[in-house]
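Structure data follow from work13.cif (mmCIF, C-alpha atoms):
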data_target
loop_
_atom_site.label_atom_id
_atom_site.label_comp_id
_atom_site.auth_asym_id
_atom_site.auth_seq_id
_atom_site.Cartn_x
_atom_site.Cartn_y
_atom_site.Cartn_z
CA MET A 254 8.18 134.71 5.03
CA PRO A 255 6.36 137.42 6.95
CA ILE A 256 8.06 138.89 9.99
CA ILE A 257 6.14 140.97 12.52
CA THR A 258 8.21 143.20 14.80
CA LEU A 259 6.55 145.02 17.66
CA THR A 260 8.26 147.16 20.31
CA THR A 261 6.63 148.22 23.58
CA ALA A 262 8.09 150.51 26.25
CA ILE A 263 7.03 149.48 29.76
CA ALA A 264 7.64 151.42 32.99
CA ALA A 265 8.51 148.35 35.06
CA PRO A 266 11.57 146.26 35.93
CA ILE A 267 12.89 143.95 33.22
CA GLU A 268 12.43 140.83 35.41
CA THR A 269 8.74 141.59 35.92
CA VAL A 270 8.13 142.19 32.22
CA PHE A 271 10.03 139.01 31.27
CA ASP A 272 8.09 136.89 33.77
CA LEU A 273 4.73 138.31 32.68
CA SER A 274 5.64 137.43 29.09
CA CYS A 275 6.25 133.82 30.21
CA SER A 276 2.89 133.67 32.01
CA ILE A 277 0.43 131.19 30.54
CA ASP A 278 -2.32 132.81 32.63
CA LEU A 279 -1.63 136.30 31.24
CA HIS A 280 -1.55 134.94 27.69
CA ILE A 281 -4.98 133.36 28.22
CA ALA A 282 -6.35 136.64 29.61
CA SER A 283 -5.03 138.53 26.57
CA THR A 284 -6.72 136.20 24.05
CA ALA A 285 -10.28 136.16 25.36
CA GLN A 286 -11.57 137.17 21.90
CA THR A 287 -10.38 133.84 20.42
CA ASN A 288 -11.42 131.72 23.45
CA GLU A 289 -7.80 130.58 23.66
CA ARG A 290 -6.91 128.05 26.32
CA ALA A 291 -3.92 125.92 27.22
CA VAL A 292 -4.93 122.26 26.82
CA ALA A 293 -1.65 120.30 27.15
CA GLY A 294 1.89 120.70 28.36
CA ARG A 295 2.34 123.70 30.67
CA THR A 296 -1.22 124.96 31.19
CA GLU A 297 -0.63 127.55 33.93
CA GLY A 298 2.17 129.45 35.61
CA LEU A 299 5.42 130.46 33.91
CA ILE A 300 6.73 128.48 30.96
CA GLU A 301 10.44 127.61 30.99
CA LEU A 302 13.15 126.24 28.72
CA GLY A 303 12.21 122.96 27.03
CA GLU A 304 8.56 123.08 28.08
CA THR A 305 5.68 122.94 25.63
CA VAL A 306 2.20 124.35 25.67
CA THR A 307 -0.63 123.37 23.35
CA TRP A 308 -3.05 126.20 22.67
CA GLU A 309 -6.58 125.70 21.42
CA ALA A 310 -8.33 128.73 19.92
CA THR A 311 -10.76 129.84 17.25
CA HIS A 312 -9.17 131.83 14.42
CA PHE A 313 -11.07 132.70 11.24
CA LEU A 314 -14.06 130.66 12.48
CA VAL A 315 -11.94 127.48 12.72
CA ARG A 316 -11.06 125.77 16.01
CA GLN A 317 -7.32 125.12 15.90
CA ARG A 318 -4.52 123.62 18.02
CA LEU A 319 -0.97 124.90 18.10
CA THR A 320 1.88 123.42 20.14
CA VAL A 321 4.99 125.47 20.87
CA ARG A 322 8.21 124.65 22.73
CA VAL A 323 10.48 127.14 24.48
CA THR A 324 13.74 126.54 22.60
CA GLN A 325 15.84 129.40 23.99
CA PHE A 326 15.66 130.95 27.45
CA ASN A 327 17.96 133.58 28.93
CA ARG A 328 16.13 135.34 31.77
CA PRO A 329 15.59 138.30 31.76
CA SER A 330 16.78 139.25 28.25
CA HIS A 331 15.33 136.75 25.76
CA PHE A 332 13.27 133.64 25.12
CA ARG A 333 12.03 131.97 21.98
CA ASP A 334 9.03 129.75 21.45
CA SER A 335 8.90 127.71 18.25
CA MET A 336 6.04 125.77 16.71
CA VAL A 337 6.12 121.99 17.17
CA SER A 338 2.78 121.38 15.45
CA GLY A 339 -0.03 123.52 14.12
CA ALA A 340 -1.49 125.33 11.14
CA PHE A 341 1.72 127.12 10.10
CA THR A 342 4.54 125.59 8.10
CA ARG A 343 6.76 127.03 10.85
CA PHE A 344 7.06 129.89 13.28
CA ASP A 345 9.53 131.28 15.75
CA HIS A 346 8.55 133.97 18.23
CA ASP A 347 11.46 135.81 19.85
CA HIS A 348 10.72 137.82 22.98
CA LYS A 349 13.51 140.34 23.69
CA PHE A 350 13.89 142.60 26.72
CA GLU A 351 16.27 145.49 27.36
CA THR A 352 16.55 147.92 30.22
CA CYS A 353 15.88 151.46 29.02
CA GLU A 354 15.27 154.93 30.43
CA VAL A 355 11.56 154.26 30.94
CA GLY A 356 12.11 150.79 32.48
CA THR A 357 11.98 147.97 29.92
CA MET A 358 11.86 147.88 26.15
CA MET A 359 10.06 144.70 25.06
CA THR A 360 10.46 143.60 21.43
CA ASP A 361 8.58 140.77 19.76
CA VAL A 362 9.87 139.30 16.51
CA PHE A 363 7.34 136.85 15.07
CA ASP A 364 8.73 135.04 12.00
CA PHE A 365 6.36 132.59 10.32
CA SER A 366 5.49 130.73 7.14
CA SER A 367 2.05 129.59 6.09
CA PRO A 368 1.31 126.47 4.04
CA PHE A 369 -0.11 126.32 0.52
CA GLY A 370 2.59 128.29 -1.33
CA PRO A 371 1.22 131.28 -3.26
CA LEU A 372 -2.25 130.87 -1.71
CA GLY A 373 -0.63 131.06 1.73
CA TRP A 374 1.29 134.21 0.74
CA VAL A 375 -1.92 135.92 -0.39
CA THR A 376 -3.73 134.82 2.77
CA ASN A 377 -0.87 136.22 4.88
CA TRP A 378 -1.04 139.51 3.03
CA LEU A 379 -4.85 139.77 3.26
CA PHE A 380 -5.56 138.41 6.76
CA VAL A 381 -3.02 136.43 8.76
CA THR A 382 -0.30 139.04 9.37
CA ARG A 383 -2.83 141.66 10.48
CA HIS A 384 -4.59 139.14 12.74
CA LEU A 385 -1.34 138.01 14.40
CA ARG A 386 -0.19 141.62 14.89
CA LYS A 387 -3.51 142.43 16.57
CA LEU A 388 -3.05 139.46 18.96
CA LEU A 389 0.50 140.57 19.81
CA VAL A 390 -0.59 144.18 20.36
CA GLU A 391 -3.32 143.02 22.76
CA ARG A 392 -0.95 140.72 24.67
CA ASN A 393 1.64 143.50 24.95
CA ARG A 394 -1.02 145.98 26.06
CA LEU A 395 -1.96 143.63 28.89
CA VAL A 396 1.70 142.97 29.85
CA LYS A 397 2.25 146.74 29.99
CA THR A 398 -0.94 147.43 31.97
CA VAL A 399 -0.28 144.70 34.52
CA ALA A 400 3.44 145.48 34.90
CA GLU A 401 2.86 149.20 35.34
CA SER A 402 -0.07 148.73 37.75
CA GLY A 403 2.01 146.76 40.23
CA ASP A 404 -0.53 143.91 40.01
CA ALA A 405 1.87 141.37 38.47
CA GLU A 406 1.44 138.92 41.38
CA ARG A 407 -1.98 138.02 40.00
CA PHE A 408 -0.27 136.40 36.99
CA LEU A 409 3.03 135.40 38.59
CA GLY A 410 1.77 133.53 41.63
CA LYS A 411 4.01 135.56 43.94
#
Go ahead and express the file in the form of structure tokens.
Amino acid sequence: MPIITLTTAIAAPIETVFDLSCSIDLHIASTAQTNERAVAGRTEGLIELGETVTWEATHFLVRQRLTVRVTQFNRPSHFRDSMVSGAFTRFDHDHKFETCEVGTMMTDVFDFSSPFGPLGWVTNWLFVTRHLRKLLVERNRLVKTVAESGDAERFLGK
């Protein structure tokens, strides 16, 4: 089972970083390269405990749908979204936030399994893990940019 861990230091308050990470609108902005859009469940605003969102996007030239549910939610320190349906056998994405000297340390832990046994393992090694890491890096770059610019209201509706 591949696990991707990514840590990002952000010079902004923990509440702002947490809320931006819950923003459907910011997520959509960060995935323009895959034409990702929210098509069911929570499709805008901030996702909360128990809510689902169904994402539709093109990955590896294939249009796909993925539904996740927020299964844990402890603002402003942690939330988890877990796959309900989609191309993976399973995935859990933990979003962790800690106050630090710079402002907020944001850590993503993305734990997933792909179908098809050994073929899935090879595919993960060759393509999937790198692709998912790139998507997380881009999302985190946008969270950091928006949080540090003071322009969070654009994605938070405040």
Residues within 12 Å of Asn393 of chain A, all atoms listed in the file, excluding chain neighbours under 5 positions, as an MDAnalysis selection string: chainID A and resid 259:263 270:271 273:275 279:280 282:284 348 358:361 386:388 398:401
Matched chain/residue IDs from the PyMOL selection byres ((chain A and resi 410) around 10), as a PyMOL selection string: chain A and resi 276+278+298-299+405-409+411
Can I get the selected residues back with C-alpha atoms, as a compact mmCIF listing (two decimals), in the frame of the given file?
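selection23.txt written:
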# COMPACT_ATOMS: atom_id res chain seq x y z
CA SER A 276 2.89 133.67 32.01
CA ASP A 278 -2.32 132.81 32.63
CA GLY A 298 2.17 129.45 35.61
CA LEU A 299 5.42 130.46 33.91
CA ALA A 405 1.87 141.37 38.47
CA GLU A 406 1.44 138.92 41.38
CA ARG A 407 -1.98 138.02 40.00
CA PHE A 408 -0.27 136.40 36.99
CA LEU A 409 3.03 135.40 38.59
CA LYS A 411 4.01 135.56 43.94
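With distances restricted to only C-alpha atoms, A:Ser366 is the closest residue to Phe344 of chain A from A:Ser366, A:Gln286, A:Ser330, A:Thr357.
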Step by step, work through what the PyMOL selection byres ((chain A and resi 322-327) around 7) selects in the shown file, and finish by giving those residues as a JSON list (two decimals) with C-alpha atoms, in the coordinates of the input.
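Once written, expr11.json looks like this:
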[["chain", "number", "residue", "atom", "x", "y", "z"],
["A", 301, "GLU", "CA", 10.44, 127.61, 30.99],
["A", 302, "LEU", "CA", 13.15, 126.24, 28.72],
["A", 303, "GLY", "CA", 12.21, 122.96, 27.03],
["A", 304, "GLU", "CA", 8.56, 123.08, 28.08],
["A", 305, "THR", "CA", 5.68, 122.94, 25.63],
["A", 306, "VAL", "CA", 2.20, 124.35, 25.67],
["A", 320, "THR", "CA", 1.88, 123.42, 20.14],
["A", 321, "VAL", "CA", 4.99, 125.47, 20.87],
["A", 328, "ARG", "CA", 16.13, 135.34, 31.77],
["A", 329, "PRO", "CA", 15.59, 138.30, 31.76],
["A", 330, "SER", "CA", 16.78, 139.25, 28.25],
["A", 331, "HIS", "CA", 15.33, 136.75, 25.76],
["A", 332, "PHE", "CA", 13.27, 133.64, 25.12],
["A", 333, "ARG", "CA", 12.03, 131.97, 21.98],
["A", 334, "ASP", "CA", 9.03, 129.75, 21.45],
["A", 335, "SER", "CA", 8.90, 127.71, 18.25],
["A", 336, "MET", "CA", 6.04, 125.77, 16.71],
["A", 337, "VAL", "CA", 6.12, 121.99, 17.17]]
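Atom pair atom CA of Thr352 of chain A / atom CA of Ile257 of chain A: separated by 21.7 Å.
Between Glu268 of chain A and the candidates A:Arg295, A:Arg392, A:Lys349, A:Arg343, the tightest atom-to-atom separation, counting only C-alpha atoms, involves A:Lys349.
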Residues within 6 Å of segment 339-342 of chain A, all atoms listed in the file, excluding chain neighbours under 2 positions, as a ChimeraX atom specification: /A:318-319,366-368
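The space between atom CA of Ala310 of chain A and atom CA of Thr287 of chain A spans 5.5 Å.
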Emit segment 306-320 of chain A of the structure in the block as a file comprising N, CA and C atoms, as a CSV table (one decimal), in the first residue's frame.
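The new file part_16.csv reads:
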chain,number,residue,atom,x,y,z
A,306,VAL,N,-18.4,14.4,-1.4
A,306,VAL,CA,-18.3,15.1,-2.7
A,306,VAL,C,-17.9,14.1,-3.7
A,307,THR,N,-18.5,14.2,-4.9
A,307,THR,CA,-18.1,13.3,-6.0
A,307,THR,C,-17.3,14.2,-7.0
A,308,TRP,N,-16.1,13.8,-7.3
A,308,TRP,CA,-15.2,14.5,-8.2
A,308,TRP,C,-15.3,13.8,-9.5
A,309,GLU,N,-15.3,14.6,-10.6
A,309,GLU,CA,-15.1,14.0,-11.9
A,309,GLU,C,-13.9,14.7,-12.5
A,310,ALA,N,-13.0,13.9,-13.1
A,310,ALA,CA,-11.7,14.4,-13.6
A,310,ALA,C,-11.1,13.5,-14.6
A,311,THR,N,-10.2,14.0,-15.4
A,311,THR,CA,-9.5,13.1,-16.4
A,311,THR,C,-8.1,12.9,-15.9
A,312,HIS,N,-7.8,11.6,-15.6
A,312,HIS,CA,-6.5,11.1,-15.2
A,312,HIS,C,-6.1,10.0,-16.2
A,313,PHE,N,-4.9,10.1,-16.7
A,313,PHE,CA,-4.3,9.2,-17.6
A,313,PHE,C,-5.2,8.9,-18.8
A,314,LEU,N,-5.8,10.0,-19.3
A,314,LEU,CA,-6.6,10.1,-20.5
A,314,LEU,C,-8.0,9.4,-20.3
A,315,VAL,N,-8.4,9.1,-19.1
A,315,VAL,CA,-9.6,8.5,-18.8
A,315,VAL,C,-10.4,9.4,-17.8
A,316,ARG,N,-11.7,9.6,-18.2
A,316,ARG,CA,-12.6,10.4,-17.4
A,316,ARG,C,-13.1,9.5,-16.3
A,317,GLN,N,-12.9,10.0,-15.0
A,317,GLN,CA,-13.2,9.1,-13.9
A,317,GLN,C,-14.0,9.9,-12.9
A,318,ARG,N,-14.7,9.1,-12.0
A,318,ARG,CA,-15.5,9.7,-10.9
A,318,ARG,C,-15.0,9.1,-9.6
A,319,LEU,N,-14.9,9.9,-8.6
A,319,LEU,CA,-14.4,9.5,-7.3
A,319,LEU,C,-15.3,10.2,-6.2
A,320,THR,N,-15.9,9.4,-5.3
A,320,THR,CA,-16.7,9.9,-4.3
A,320,THR,C,-16.0,9.7,-2.9
